[in-house]
Amino acid sequence: NAEGGLLSRSAILRSTRLRLALIEVSGRLAAVADQAGVTVSGDLDGIVQAAVDAQENIAKAQLPKAELDAITSWARVDARQIDAIVRRTTERITSALWPLSAEADAAMRRELVRGLMAGSGPRQTAARIVQRAEGQFNGGLARALTIVRTETLDAHRAAAAAAHKANSDVLAGWIWLTSLSGKPCPACLGMSGTVHPLTEPGPQGHQNCRCTRMPKTKTWRELGIDLPEEPDQVPSAANWFNKQPVKRQKDILGPARYAAWKRGDYPMDQWAVKRANADWRPSYVTSPLPNGGRDTRLAS
């Protein structure tokens, strides 16, 4: 089936050696996905436990030291719930890594058609494909890292949520907290400081989102503490953003959003919008500009 001494595209794609090479590399990717699940599971257990432990300390920090006995009955999260969170997250990570095989398969076929000649064994062919398709595989690894990081953070949030629900007699809700450092996205800044009911999951941020949930205790009076309530110490995202240099503000918002914000047409409480995702979960992302404005520099 060679034309002019060269293998045709169809001949290459039908090649037995190609099929064996694809099976070889796909098998390697499958092993990586399985191993990732095993490795992450060991780390997840500690992460989930740390999340549960931290919630009690955060709640106690909101009460007067002399009245900490108000939450001496802080309920621990059932070990079965923790195991379920770890198991569910591990399954999500492992299953989400599988699509990398299809992407790598397409990259391998393209690279093979470009220059691979018949004659090598499957292992040698696979090694050559990986070398030629290095850019595509690097992209796959970056995506895998995003999956693992995002699902691990979601497991941390799920553990915190379990601790919150177990202590609804002490807590009034949870607060969305954004890391006010570096270059937080507009959606995260817009959600920071918002209060949510204990039954609401989250924070449901975008992929790689660093936001977390902080327990909000009931008022001291509701907890039977007869003392004046101290002022809220939750950091203000608006105050933080207002103090940033103009260049950082523009880097975060992009030029069009920055201009709309300066005009008063794009206040911070409108920077986030909830987006549905049938293949993952709902997530808050940066909202469109008002009045149909356009900005190609989406910061989310």
# chains A, B, ... in the order shown; residues from 1 in each chain; ligands from 1

call {"tool": "residues_around", "arguments": {"residues": "Leu180 (chain A)", "least_positions_apart": "3", "cutoff": "8 Å", "atoms": "only C-alpha atoms", "output": "list in words"}}
result
Pro184, Ala237 and Trp240 of chain A

call {"tool": "residues_around", "arguments": {"residues": "Asp154 (chain A)", "least_positions_apart": "6", "cutoff": "9 Å", "atoms": "only C-alpha atoms", "output": "list in words"}}
result
Thr89, Gly202, Pro203 and Gln204 of chain A

call {"tool": "select_by_dssp", "arguments": {"residues": "region 175-225 of chain A", "states": "strand (DSSP E)", "output": "list in words"}}
result
Ile175, Trp176, Leu177, Val195, His196, Thr212, Arg213, Met214, Pro215, Lys216 and Thr217 of chain A

call {"tool": "write_last_selection", "arguments": {"atoms": "C-alpha atoms", "output": "PDB file, in the first residue's frame"}}
result
ATOM      1  CA  ILE A 175     -18.489  32.107  55.291  1.00  0.00           C
ATOM      2  CA  TRP A 176     -16.805  31.982  51.877  1.00  0.00           C
ATOM      3  CA  LEU A 177     -13.172  33.020  52.314  1.00  0.00           C
ATOM      4  CA  VAL A 195     -22.562  33.888  54.285  1.00  0.00           C
ATOM      5  CA  HIS A 196     -24.197  30.580  53.327  1.00  0.00           C
ATOM      6  CA  THR A 212     -12.363  27.775  51.729  1.00  0.00           C
ATOM      7  CA  ARG A 213     -15.332  27.805  54.104  1.00  0.00           C
ATOM      8  CA  MET A 214     -15.168  29.159  57.627  1.00  0.00           C
ATOM      9  CA  PRO A 215     -17.733  28.208  60.269  1.00  0.00           C
ATOM     10  CA  LYS A 216     -19.856  31.090  61.540  1.00  0.00           C
ATOM     11  CA  THR A 217     -21.109  30.593  65.082  1.00  0.00           C
TER      12      THR A 217
END

call {"tool": "atom_distance", "arguments": {"atom1": "CA of Ile93 (chain A)", "atom2": "CA of Gly190 (chain A)"}}
result
28.4 Å

call {"tool": "closest_residue", "arguments": {"among": "A:Trp174, A:Trp220, A:Trp74, A:Trp261", "to": "Gln249 (chain A)", "atoms": "only C-alpha atoms"}}
result
A:Trp261

call {"tool": "closest_residue", "arguments": {"among": "A:Gln49, A:Asn291, A:Gln233, A:Thr90", "to": "Asp78 (chain A)", "atoms": "only C-alpha atoms"}}
result
A:Gln49

call {"tool": "closest_residue", "arguments": {"among": "A:Ala144, A:Arg248, A:Glu151, A:His206", "to": "Ala276 (chain A)", "atoms": "only C-alpha atoms"}}
result
A:His206

call {"tool": "residues_around", "arguments": {"residues": "Arg88 (chain A)", "least_positions_apart": "4", "cutoff": "12 Å", "atoms": "only C-alpha atoms", "output": "list in words"}}
result
Gly37, Val40, Ser41, Leu44, Asp45, Gln81, Ile82, Asp83, Ala84, Arg92, Ile93, Thr94, Ser95, Glu151, Thr152, Asp154, Ala155, Ala158 and Ala159 of chain A

call {"tool": "residues_around", "arguments": {"residues": "His156 (chain A)", "least_positions_apart": "5", "cutoff": "8 Å", "atoms": "only C-alpha atoms", "output": "list in words"}}
result
Ile47, Val48 and Ala51 of chain A

call {"tool": "write_last_selection", "arguments": {"atoms": "N, CA and C atoms", "output": "PDB file, in the first residue's frame"}}
result
ATOM      1  N   ILE A  47      -5.602  14.917  54.886  1.00  0.00           N
ATOM      2  CA  ILE A  47      -6.165  16.227  54.539  1.00  0.00           C
ATOM      3  C   ILE A  47      -7.582  16.371  55.088  1.00  0.00           C
ATOM      4  N   VAL A  48      -8.380  15.328  54.937  1.00  0.00           N
ATOM      5  CA  VAL A  48      -9.758  15.363  55.413  1.00  0.00           C
ATOM      6  C   VAL A  48      -9.801  15.465  56.937  1.00  0.00           C
ATOM      7  N   ALA A  51      -8.972  18.955  58.017  1.00  0.00           N
ATOM      8  CA  ALA A  51     -10.086  19.876  57.797  1.00  0.00           C
ATOM      9  C   ALA A  51     -11.092  19.789  58.932  1.00  0.00           C
TER      10      ALA A  51
END

call {"tool": "residues_around", "arguments": {"residues": "Gln270 (chain A)", "least_positions_apart": "5", "cutoff": "9 Å", "atoms": "only C-alpha atoms", "output": "PyMOL selection string"}}
result
chain A and resi 187+190+286-287

call {"tool": "residues_around", "arguments": {"residues": "Trp271 (chain A)", "least_positions_apart": "6", "cutoff": "12 Å", "atoms": "only C-alpha atoms", "output": "MDAnalysis selection string"}}
result
chainID A and resid 185:192 238 252:253 257:258 260:261 265 284:290 298:300
